[in-house]
$ cat query-v1.txt   # compact mmCIF, C-alpha atoms
# COMPACT_ATOMS: atom_id res chain seq x y z
CA MET A 1 131.73 -36.42 -15.40
CA VAL A 2 131.41 -32.90 -16.75
CA ARG A 3 128.44 -31.05 -15.25
CA VAL A 4 126.66 -29.12 -18.01
CA LEU A 5 124.04 -26.46 -17.28
CA VAL A 6 121.50 -25.18 -19.82
CA PRO A 7 119.84 -22.07 -18.33
CA ALA A 8 116.48 -20.64 -19.31
CA GLU A 9 117.11 -17.58 -21.48
CA SER A 10 116.49 -14.33 -19.62
CA ARG A 11 116.49 -11.75 -22.43
CA GLU A 12 113.08 -10.36 -23.35
CA GLY A 13 111.75 -11.94 -26.52
CA GLU A 14 114.35 -14.72 -26.58
CA ARG A 15 112.44 -17.97 -27.12
CA ARG A 16 115.34 -20.23 -28.07
CA VAL A 17 117.19 -22.70 -25.89
CA ALA A 18 120.76 -23.95 -26.19
CA ALA A 19 119.96 -27.68 -26.10
CA SER A 20 117.42 -30.09 -27.54
CA PRO A 21 116.58 -33.64 -26.46
CA GLU A 22 118.71 -34.84 -29.39
CA THR A 23 121.81 -32.93 -28.28
CA VAL A 24 121.26 -33.84 -24.63
CA ARG A 25 121.62 -37.48 -25.68
CA ARG A 26 124.83 -36.60 -27.49
CA LEU A 27 126.27 -34.85 -24.43
CA VAL A 28 125.21 -37.67 -22.09
CA ALA A 29 126.97 -40.10 -24.43
CA LYS A 30 130.14 -38.12 -23.72
CA LYS A 31 129.81 -39.03 -20.05
CA SER A 32 128.46 -35.66 -18.94
CA GLU A 33 125.66 -34.76 -16.52
CA VAL A 34 123.21 -32.34 -18.12
CA PHE A 35 121.05 -30.03 -16.02
CA ILE A 36 118.23 -28.04 -17.67
CA GLU A 37 116.50 -25.19 -15.88
CA SER A 38 112.78 -25.81 -15.57
CA GLY A 39 110.79 -24.66 -18.59
CA ALA A 40 113.89 -23.63 -20.53
CA GLY A 41 112.71 -25.32 -23.72
CA LEU A 42 108.94 -24.85 -23.54
CA GLU A 43 108.74 -21.98 -26.01
CA ALA A 44 110.90 -23.96 -28.43
CA GLY A 45 108.59 -26.97 -28.18
CA PHE A 46 110.77 -29.06 -25.84
CA SER A 47 109.07 -30.13 -22.61
CA ASP A 48 110.88 -30.86 -19.35
CA GLN A 49 109.74 -34.47 -19.73
CA ALA A 50 111.36 -34.74 -23.16
CA PHE A 51 114.65 -33.59 -21.66
CA ILE A 52 114.31 -36.04 -18.77
CA GLU A 53 113.73 -38.89 -21.21
CA ALA A 54 116.87 -37.82 -23.07
CA GLY A 55 118.91 -38.17 -19.87
CA ALA A 56 118.90 -34.66 -18.40
CA SER A 57 117.93 -33.53 -14.91
CA ILE A 58 115.51 -30.63 -14.45
CA VAL A 59 116.50 -28.00 -11.87
CA ALA A 60 114.87 -24.83 -10.56
CA ARG A 61 115.69 -21.60 -12.35
CA GLY A 62 118.58 -19.67 -10.80
CA CYS A 63 119.34 -22.36 -8.23
CA PRO A 64 122.64 -21.24 -6.60
CA ASP A 65 123.86 -24.79 -6.00
CA THR A 66 123.36 -25.76 -9.64
CA TRP A 67 125.26 -22.74 -10.93
CA SER A 68 128.14 -23.15 -8.50
CA ALA A 69 128.51 -26.83 -9.43
CA ALA A 70 128.41 -26.29 -13.21
CA GLU A 71 131.64 -26.77 -15.15
CA LEU A 72 130.13 -25.88 -18.52
CA VAL A 73 127.25 -23.47 -19.21
CA ILE A 74 125.80 -23.35 -22.72
CA CYS A 75 123.44 -20.53 -23.59
CA VAL A 76 121.99 -18.64 -26.53
CA GLN A 77 122.52 -15.15 -25.15
CA PRO A 78 124.55 -14.20 -22.05
CA PRO A 79 122.80 -14.93 -18.75
CA ALA A 80 121.57 -11.80 -16.99
CA GLN A 81 123.80 -10.39 -14.28
CA ASP A 82 122.57 -9.20 -10.88
CA SER A 83 122.54 -5.58 -12.07
CA GLU A 84 120.19 -6.62 -14.92
CA GLY A 85 117.69 -8.27 -12.64
CA GLY A 86 119.07 -11.74 -13.26
CA SER A 87 119.53 -14.59 -10.85
CA GLY A 88 123.20 -13.84 -10.39
CA GLY A 89 124.19 -17.13 -11.97
CA LEU A 90 127.40 -15.79 -13.49
CA GLU A 91 128.52 -14.55 -10.09
CA ARG A 92 128.13 -18.05 -8.68
CA LEU A 93 130.07 -19.96 -11.33
CA ALA A 94 133.24 -21.53 -10.00
CA SER A 95 136.58 -20.24 -11.26
CA GLY A 96 137.71 -22.28 -14.26
CA SER A 97 134.19 -22.95 -15.55
CA LEU A 98 133.45 -22.55 -19.26
CA LEU A 99 130.68 -20.38 -20.72
CA VAL A 100 129.72 -20.95 -24.37
CA GLY A 101 127.18 -18.96 -26.37
CA LEU A 102 126.46 -15.97 -28.58
CA LEU A 103 128.06 -13.41 -26.29
CA ASP A 104 128.24 -10.36 -28.58
CA PRO A 105 131.84 -9.61 -27.48
CA TYR A 106 132.15 -6.44 -29.58
CA LEU A 107 129.39 -4.70 -27.67
CA ASN A 108 129.39 -6.46 -24.31
CA ARG A 109 132.39 -5.02 -22.50
CA SER A 110 130.87 -5.22 -19.03
CA LEU A 111 130.18 -8.93 -19.48
CA ILE A 112 133.73 -9.61 -20.66
CA GLU A 113 135.16 -7.76 -17.69
CA ARG A 114 132.91 -9.64 -15.28
CA LEU A 115 133.83 -13.02 -16.76
CA ASN A 116 137.53 -12.24 -16.58
CA SER A 117 137.26 -11.13 -12.96
CA ARG A 118 135.58 -14.44 -12.13
CA GLY A 119 138.42 -16.50 -13.62
CA LEU A 120 136.17 -18.09 -16.24
CA SER A 121 136.89 -19.40 -19.71
CA THR A 122 134.61 -18.01 -22.37
CA VAL A 123 133.79 -18.99 -25.96
CA ALA A 124 131.95 -16.53 -28.19
CA MET A 125 130.45 -18.70 -30.91
CA GLU A 126 130.11 -15.76 -33.34
CA LEU A 127 133.93 -15.61 -33.51
CA LEU A 128 134.38 -19.14 -34.88
CA PRO A 129 136.77 -19.02 -37.83
CA ARG A 130 135.39 -19.62 -41.33
CA ILE A 131 137.30 -22.87 -41.99
CA SER A 132 136.01 -26.14 -43.42
CA ARG A 133 135.98 -28.09 -40.14
CA VAL A 134 133.68 -25.48 -38.59
CA GLN A 135 130.77 -25.84 -41.02
CA SER A 136 128.72 -28.08 -38.71
CA MET A 137 129.36 -25.65 -35.81
CA ASP A 138 128.60 -22.39 -37.63
CA VAL A 139 125.87 -20.84 -35.49
CA LEU A 140 125.86 -17.57 -37.43
CA SER A 141 124.99 -19.39 -40.65
CA SER A 142 122.29 -21.58 -39.12
CA GLN A 143 120.59 -18.60 -37.49
CA ALA A 144 121.07 -16.27 -40.46
CA ASN A 145 119.29 -18.82 -42.65
CA ILE A 146 116.25 -18.49 -40.42
CA ALA A 147 116.47 -14.70 -40.35
CA GLY A 148 116.56 -14.48 -44.14
CA TYR A 149 113.58 -16.80 -44.46
CA LYS A 150 111.47 -15.00 -41.86
CA ALA A 151 112.36 -11.55 -43.21
CA VAL A 152 110.68 -12.38 -46.51
CA LEU A 153 107.59 -13.69 -44.74
CA LEU A 154 107.34 -10.44 -42.76
CA ALA A 155 107.69 -8.42 -45.95
CA ALA A 156 105.01 -10.50 -47.69
CA ALA A 157 102.65 -10.08 -44.74
CA GLU A 158 103.07 -6.28 -44.67
CA LEU A 159 103.14 -5.65 -48.42
CA ASP A 160 100.07 -4.19 -50.08
CA ARG A 161 100.18 -6.66 -52.97
CA PHE A 162 100.77 -10.33 -53.81
CA PHE A 163 104.24 -11.79 -54.19
CA PRO A 164 103.47 -14.21 -57.07
CA MET A 165 102.03 -13.46 -60.47
CA LEU A 166 98.36 -14.47 -60.56
CA MET A 167 96.08 -15.12 -63.52
CA THR A 168 92.53 -14.21 -62.46
CA ALA A 169 89.20 -13.63 -64.16
CA ALA A 170 89.64 -9.95 -63.36
CA GLY A 171 93.01 -9.83 -65.08
CA THR A 172 96.67 -10.62 -64.49
CA VAL A 173 98.43 -9.58 -61.27
CA GLN A 174 102.11 -8.90 -61.82
CA PRO A 175 104.65 -10.40 -59.37
CA ALA A 176 106.18 -8.31 -56.63
CA LYS A 177 109.70 -6.99 -57.10
CA VAL A 178 112.08 -7.69 -54.22
CA LEU A 179 115.48 -6.09 -53.71
CA VAL A 180 117.92 -7.88 -51.38
CA LEU A 181 120.94 -5.95 -50.11
CA GLY A 182 123.71 -8.35 -49.13
CA ALA A 183 124.27 -11.86 -50.46
CA GLY A 184 125.53 -13.56 -47.33
CA VAL A 185 123.70 -16.49 -45.76
CA ALA A 186 120.68 -14.41 -44.72
CA GLY A 187 120.53 -12.66 -48.08
CA LEU A 188 120.71 -15.85 -50.11
CA GLN A 189 118.00 -17.47 -48.00
CA ALA A 190 115.87 -14.36 -48.51
CA VAL A 191 116.40 -14.71 -52.26
CA ALA A 192 115.44 -18.38 -52.23
CA THR A 193 112.32 -17.74 -50.13
CA ALA A 194 111.18 -14.76 -52.20
CA ARG A 195 111.65 -16.78 -55.38
CA ARG A 196 109.60 -19.65 -53.94
CA LEU A 197 106.82 -17.16 -53.27
CA GLY A 198 106.96 -16.06 -56.90
CA ALA A 199 108.65 -12.67 -56.63
CA VAL A 200 111.10 -11.16 -59.10
CA VAL A 201 114.34 -10.65 -57.17
CA LYS A 202 117.42 -8.45 -57.57
CA VAL A 203 120.46 -8.60 -55.31
CA SER A 204 123.18 -6.05 -54.55
CA ASP A 205 126.44 -7.08 -52.88
CA VAL A 206 129.92 -5.56 -52.62
CA ARG A 207 131.48 -8.92 -53.52
CA PRO A 208 131.51 -9.64 -57.27
CA ALA A 209 132.07 -13.33 -56.42
CA ALA A 210 128.50 -13.51 -55.05
CA LYS A 211 127.08 -13.17 -58.57
CA GLU A 212 127.22 -16.89 -59.35
CA GLN A 213 125.38 -17.85 -56.16
CA VAL A 214 122.70 -15.22 -56.72
CA GLU A 215 122.06 -16.22 -60.31
CA SER A 216 121.94 -19.91 -59.39
CA LEU A 217 118.86 -19.06 -57.28
CA GLY A 218 117.12 -17.36 -60.18
CA ALA A 219 117.76 -13.75 -59.14
CA ARG A 220 119.47 -10.93 -60.98
CA PHE A 221 122.77 -9.68 -59.60
CA ILE A 222 123.48 -5.94 -59.55
CA ASP A 223 127.18 -5.55 -60.26
CA PRO A 224 129.08 -3.30 -57.82
CA PRO A 225 129.30 0.30 -59.01
CA SER A 226 133.10 0.30 -58.99
CA ARG A 227 135.92 -2.08 -59.82
CA GLU A 228 137.33 -1.18 -56.42
CA ALA A 229 134.65 -3.17 -54.59
CA PRO A 230 135.85 -4.11 -51.09
CA GLY A 231 135.37 -7.87 -51.61
CA GLU A 232 135.63 -10.18 -48.61
CA ALA A 233 138.03 -11.40 -45.92
CA GLY A 234 137.65 -14.48 -43.75
CA GLY A 235 134.26 -15.29 -45.25
CA TYR A 236 132.80 -11.85 -44.47
CA ALA A 237 132.37 -8.75 -46.63
CA ARG A 238 135.01 -6.10 -46.00
CA GLU A 239 133.89 -2.69 -44.83
CA ALA A 240 133.34 -0.39 -47.82
CA GLY A 241 134.93 3.04 -48.03
CA ALA A 242 132.93 6.27 -48.09
CA ALA A 243 133.41 6.80 -51.84
CA PHE A 244 132.25 3.30 -52.69
CA LEU A 245 129.21 3.57 -50.39
CA GLU A 246 128.16 6.83 -52.02
CA ALA A 247 128.46 5.30 -55.49
CA GLN A 248 126.48 2.28 -54.29
CA ARG A 249 123.71 4.50 -52.89
CA GLN A 250 123.38 6.32 -56.19
CA GLN A 251 123.12 3.00 -57.99
CA LEU A 252 120.58 1.59 -55.54
CA THR A 253 118.28 4.61 -55.79
CA VAL A 254 117.38 3.56 -59.33
CA HIS A 255 116.52 0.03 -58.22
CA LEU A 256 114.60 1.20 -55.14
CA ALA A 257 112.22 3.09 -57.43
CA GLU A 258 111.22 -0.27 -58.95
CA ALA A 259 111.06 -2.30 -55.71
CA ASP A 260 108.02 -3.35 -53.71
CA ALA A 261 109.98 -4.94 -50.85
CA VAL A 262 113.58 -4.51 -49.69
CA ILE A 263 115.49 -6.88 -47.40
CA THR A 264 118.72 -5.43 -45.99
CA THR A 265 121.30 -7.80 -44.49
CA ALA A 266 124.68 -6.02 -44.77
CA GLN A 267 126.82 -6.21 -41.65
CA VAL A 268 130.54 -6.10 -40.88
CA PRO A 269 131.70 -7.91 -37.70
CA GLY A 270 132.68 -5.49 -34.97
CA ARG A 271 131.63 -2.40 -36.92
CA PRO A 272 128.44 -0.37 -37.31
CA ALA A 273 126.26 -1.59 -40.16
CA PRO A 274 126.72 0.43 -43.36
CA LEU A 275 123.93 2.88 -44.09
CA LEU A 276 122.72 1.76 -47.52
CA ILE A 277 119.35 3.55 -47.68
CA THR A 278 119.40 7.19 -46.59
CA GLU A 279 116.34 9.30 -45.76
CA GLU A 280 116.58 10.87 -49.21
CA MET A 281 116.71 7.44 -50.87
CA LEU A 282 113.54 6.38 -49.03
CA LYS A 283 111.67 8.87 -51.19
CA ALA A 284 112.41 6.68 -54.22
CA LEU A 285 110.32 3.86 -52.74
CA ARG A 286 106.63 3.97 -53.52
CA PRO A 287 104.06 4.34 -50.70
CA GLY A 288 102.96 0.88 -49.60
CA SER A 289 106.37 -0.70 -50.06
CA VAL A 290 108.20 -2.46 -47.22
CA VAL A 291 111.79 -2.51 -45.92
CA VAL A 292 112.95 -5.24 -43.51
CA ASP A 293 116.24 -4.22 -41.86
CA LEU A 294 118.10 -7.23 -40.45
CA ALA A 295 121.08 -5.07 -39.44
CA VAL A 296 119.09 -2.83 -37.10
CA SER A 297 120.84 -4.11 -33.95
CA THR A 298 124.19 -2.71 -35.19
CA GLY A 299 122.88 0.62 -36.41
CA GLY A 300 120.79 -0.45 -39.38
CA ASN A 301 121.15 -0.37 -43.16
CA CYS A 302 118.07 1.83 -43.54
CA ALA A 303 117.58 5.32 -42.16
CA GLY A 304 114.79 5.46 -39.59
CA SER A 305 114.78 1.77 -38.70
CA GLN A 306 114.35 1.03 -34.99
CA PRO A 307 115.07 -2.24 -33.16
CA ASP A 308 111.99 -4.47 -32.88
CA ARG A 309 109.63 -1.77 -34.13
CA THR A 310 107.80 -1.02 -37.35
CA VAL A 311 107.82 2.62 -38.38
CA GLU A 312 106.32 4.36 -41.38
CA ILE A 313 108.13 7.09 -43.30
CA GLY A 314 106.49 8.60 -46.35
CA GLY A 315 104.17 5.64 -46.66
CA VAL A 316 107.05 3.13 -46.54
CA ARG A 317 106.86 0.59 -43.71
CA ILE A 318 110.27 -0.10 -42.15
CA ILE A 319 110.52 -3.22 -40.01
CA GLY A 320 113.50 -3.35 -37.64
CA SER A 321 114.11 -7.03 -36.87
CA SER A 322 116.94 -7.60 -34.40
CA ASN A 323 116.33 -11.24 -33.46
CA LEU A 324 114.23 -13.02 -36.08
CA PRO A 325 115.63 -16.51 -35.30
CA ALA A 326 113.87 -16.30 -31.90
CA SER A 327 110.56 -16.02 -33.78
CA VAL A 328 111.11 -19.53 -35.19
CA PRO A 329 112.23 -21.02 -31.87
CA HIS A 330 111.87 -24.76 -32.52
CA HIS A 331 114.04 -25.03 -35.61
CA ALA A 332 116.33 -22.20 -34.49
CA SER A 333 116.98 -24.03 -31.20
CA SER A 334 117.38 -27.42 -32.87
CA LEU A 335 119.99 -26.11 -35.31
CA TYR A 336 121.79 -23.99 -32.72
CA ALA A 337 121.93 -26.92 -30.30
CA ARG A 338 123.44 -29.14 -33.02
CA ASN A 339 126.05 -26.48 -33.74
CA LEU A 340 127.00 -26.38 -30.05
CA ALA A 341 127.11 -30.17 -29.75
CA ALA A 342 129.39 -30.44 -32.79
CA PHE A 343 131.68 -27.82 -31.25
CA LEU A 344 131.73 -29.34 -27.76
CA GLU A 345 132.04 -33.05 -28.49
CA PRO A 346 135.75 -32.91 -29.47
CA LEU A 347 136.51 -31.07 -26.21
CA PHE A 348 135.37 -33.97 -24.00
CA SER A 349 138.00 -36.42 -22.75
CA ASP A 350 138.34 -38.95 -19.96
CA ASP A 351 139.78 -36.15 -17.82
CA GLY A 352 136.91 -33.73 -18.48
CA LEU A 353 136.91 -30.73 -20.80
CA GLN A 354 140.21 -30.12 -22.55
CA LEU A 355 140.73 -26.63 -24.00
CA ASN A 356 143.72 -26.15 -26.25
CA PRO A 357 144.03 -22.40 -26.84
CA GLU A 358 146.41 -23.04 -29.73
CA ASP A 359 143.84 -25.04 -31.68
CA PRO A 360 143.03 -23.06 -34.87
CA LEU A 361 139.34 -23.61 -34.12
CA LEU A 362 139.48 -22.41 -30.51
CA ASP A 363 142.06 -19.66 -30.82
CA PRO A 364 139.80 -16.98 -32.38
CA CYS A 365 136.67 -17.67 -30.29
CA LEU A 366 138.19 -18.44 -26.87
CA ILE A 367 138.06 -14.81 -25.75
CA SER A 368 139.20 -15.55 -22.20
CA HIS A 369 140.87 -18.55 -20.61
CA GLN A 370 140.77 -19.03 -16.85
CA GLY A 371 140.20 -15.31 -16.43
CA ALA A 372 142.91 -14.07 -18.81
CA CYS A 373 141.70 -12.04 -21.79
CA ARG A 374 142.96 -13.62 -25.02
CA ARG A 375 141.50 -11.17 -27.55
CA PRO A 376 142.61 -7.70 -26.40
CA GLU A 377 142.29 -6.44 -29.99
CA LEU A 378 138.50 -6.65 -29.59
CA TRP A 379 138.51 -3.90 -27.02
CA PRO A 380 139.47 -0.93 -29.23
CA SER A 381 136.82 -2.02 -31.71
CA LEU A 382 134.33 -2.33 -28.88
CA GLU A 383 135.07 1.19 -27.61
CA GLU A 384 134.80 2.63 -31.11
CA VAL A 385 131.46 0.97 -31.82
CA THR A 386 129.91 2.09 -28.54
CA ALA A 387 131.36 5.61 -28.57

$ encode --input "query-v1.txt" --output "structure tokens"
Amino acid sequence: MVRVLVPAESREGERRVAASPETVRRLVAKKSEVFIESGAGLEAGFSDQAFIEAGASIVARGCPDTWSAAELVICVQPPAQDSEGGSGGLERLASGSLLVGLLDPYLNRSLIERLNSRGLSTVAMELLPRISRVQSMDVLSSQANIAGYKAVLLAAAELDRFFPMLMTAAGTVQPAKVLVLGAGVAGLQAVATARRLGAVVKVSDVRPAAKEQVESLGARFIDPPSREAPGEAGGYAREAGAAFLEAQRQQLTVHLAEADAVITTAQVPGRPAPLLITEEMLKALRPGSVVVDLAVSTGGNCAGSQPDRTVEIGGVRIIGSSNLPASVPHHASSLYARNLAAFLEPLFSDDGLQLNPEDPLLDPCLISHQGACRRPELWPSLEEVTA
């Protein structure tokens, strides 16, 4: 039987958990033993008793024996290392164990080095390929959906006016105007949520192909400023060149002058987020307007945004939101846990976990196998981003 450990998340503000009672049942059905650290699911609405009833065993947090016996560890974010004030769980994992989670491989060089030195196998779920068989496992999409939804709620809560049009005895209140930058999963969910709240929505994206999706949600698409738009590769937007970005900024300045709320979602894997709203462009926004920057953890799309802080510049409130899915922990955990279960179930066999590094699904996201680094091309990108 494969021994699976679900640790309590150690990062500040992280309220999610990598398993739910539903997915524990699925893993137990695969003839595995599931161990959950005490209280790991409480903030997500899952009690220890609920996990026990699903077939899991509850263990003390950071128990050395549990970590050393685990063959598979599933997490949301990487467990803390000793140097970070953690329980030292990673240092106690046996060689050959498998760690699966959102490991931020582009920016987490020290973790990658530590895992390799321990002889571990490691799957970074954010590197799953964008192929049809991965849809049920796509953690980035499930969590981005939540981020886009919550970003609009934050904007509505901070804005100095209503989102919907209202007919009142004192007169008509016009609907808020929302500008969404980026029409990926988070951006499209932001569009859908803002429309449900009654706002008028415009969307800017470097991919002309996004127009149909945007318009199907009732929003207006702002065509790219140049025919040489970068488009997309592998399901993600390509990084735009300097000339295109400058043309896009000039175009956006006009639309910012009309906007009440702006949601920015543009990110490129392994690269700093493109700066879409400069300090000068912020002056086009009226005092009382709101910007929610979902790319703040990779540098930000908006000048002045700061991770997990709200700042005010010229009367414009800028909300830097680096981990919005953790603010909706129940559904975020439920969806994330289903993604992990869908990914893991095919790996179980009568002989335990079977990792085939040549599998098109595993090849891109299996960043190390039994201590050997399999994605050396990540390292130059990592050094460049953190320089």

$ residues_around --input "query-v1.txt" --residues "stretch 364-369 of chain A" --least-positions-apart "4" --cutoff "6 Å" --atoms "all atoms listed in the file" --output "list in words"
Ser121, Thr122, Val123, Ala124, Leu127, Leu128, Cys373, Arg374 and Arg375 of chain A

$ write_last_selection --input "query-v1.txt" --atoms "C-alpha atoms" --output "PDB file, in the frame of the given file"
ATOM      1  CA  SER A 121     136.890 -19.400 -19.710  1.00  0.00           C
ATOM      2  CA  THR A 122     134.610 -18.010 -22.370  1.00  0.00           C
ATOM      3  CA  VAL A 123     133.790 -18.990 -25.960  1.00  0.00           C
ATOM      4  CA  ALA A 124     131.950 -16.530 -28.190  1.00  0.00           C
ATOM      5  CA  LEU A 127     133.930 -15.610 -33.510  1.00  0.00           C
ATOM      6  CA  LEU A 128     134.380 -19.140 -34.880  1.00  0.00           C
ATOM      7  CA  CYS A 373     141.700 -12.040 -21.790  1.00  0.00           C
ATOM      8  CA  ARG A 374     142.960 -13.620 -25.020  1.00  0.00           C
ATOM      9  CA  ARG A 375     141.500 -11.170 -27.550  1.00  0.00           C
TER      10      ARG A 375
END

$ atom_distance --input "query-v1.txt" --atom1 "atom CA of A:Leu362" --atom2 "atom CA of A:Val17"
22.8 Å

$ residues_near_point --input "query-v1.txt" --point "(134.7, -29.0, -27.1)" --cutoff "12 Å" --atoms "all atoms listed in the file" --output "PyMOL selection string"
chain A and resi 2+27+30+72+74+98-100+122-123+125+137+339-349+352-357+359+361-362+365-366

$ residues_around --input "query-v1.txt" --residues "A:Ala192" --least-positions-apart "5" --cutoff "12 Å" --atoms "only C-alpha atoms" --output "MDAnalysis selection string"
chainID A and resid 145:146 148:153 178 180 183 185:187 197:203 213:219

$ atom_distance --input "query-v1.txt" --atom1 "atom CA of A:Ile222" --atom2 "atom CA of A:Leu275"
17.8 Å

$ closest_residue --input "query-v1.txt" --among "A:Val6, A:Leu245, A:Leu154, A:Val73" --to "A:Phe51" --atoms "only C-alpha atoms"
A:Val6

$ closest_residue --input "query-v1.txt" --among "A:Lys31, A:Arg286, A:Arg249, A:Arg118" --to "A:Ala372" --atoms "only C-alpha atoms"
A:Arg118

$ residues_around --input "query-v1.txt" --residues "A:Ala94" --least-positions-apart "2" --cutoff "9 Å" --atoms "only C-alpha atoms" --output "PyMOL selection string"
chain A and resi 67-71+90-92+96-97+118-120

$ closest_residue --input "query-v1.txt" --among "A:Ala170, A:Arg195, A:Pro269, A:Ala44" --to "A:Glu126" --atoms "all atoms listed in the file"
A:Pro269

$ closest_residue --input "query-v1.txt" --among "A:Ala261, A:Ala295, A:Ala8, A:Leu256" --to "A:Lys283" --atoms "all atoms listed in the file"
A:Leu256

$ closest_residue --input "query-v1.txt" --among "A:Glu358, A:Gly270, A:Val139, A:Tyr336" --to "A:Asn108" --atoms "all atoms listed in the file"
A:Gly270

$ atom_distance --input "query-v1.txt" --atom1 "atom CA of A:Ser132" --atom2 "atom CA of A:Asp363"
15.4 Å

$ residues_around --input "query-v1.txt" --residues "A:Met281" --least-positions-apart "2" --cutoff "10 Å" --atoms "only C-alpha atoms" --output "short mmCIF file (atom, residue, chain, number, x, y, z; two decimals) with C-alpha atoms, in the frame of the given file"
data_model
loop_
_atom_site.label_atom_id
_atom_site.label_comp_id
_atom_site.auth_asym_id
_atom_site.auth_seq_id
_atom_site.Cartn_x
_atom_site.Cartn_y
_atom_site.Cartn_z
CA ARG A 249 123.71 4.50 -52.89
CA GLN A 250 123.38 6.32 -56.19
CA LEU A 252 120.58 1.59 -55.54
CA THR A 253 118.28 4.61 -55.79
CA VAL A 254 117.38 3.56 -59.33
CA LEU A 256 114.60 1.20 -55.14
CA ALA A 257 112.22 3.09 -57.43
CA LEU A 276 122.72 1.76 -47.52
CA ILE A 277 119.35 3.55 -47.68
CA THR A 278 119.40 7.19 -46.59
CA GLU A 279 116.34 9.30 -45.76
CA LYS A 283 111.67 8.87 -51.19
CA ALA A 284 112.41 6.68 -54.22
CA LEU A 285 110.32 3.86 -52.74
CA CYS A 302 118.07 1.83 -43.54
CA ALA A 303 117.58 5.32 -42.16
#

$ closest_residue --input "query-v1.txt" --among "A:Gly300, A:Gly315, A:Pro225, A:Asp308" --to "A:Pro287" --atoms "all atoms listed in the file"
A:Gly315

$ residues_around --input "query-v1.txt" --residues "A:Gly182" --least-positions-apart "4" --cutoff "6 Å" --atoms "all atoms listed in the file" --output "count of residues only"
5

$ residues_near_point --input "query-v1.txt" --point "(117.2, -24.2, -9.1)" --cutoff "12 Å" --atoms "all atoms listed in the file" --output "number ranges by chain"
A: 5-8, 35-40, 57-69, 87, 89
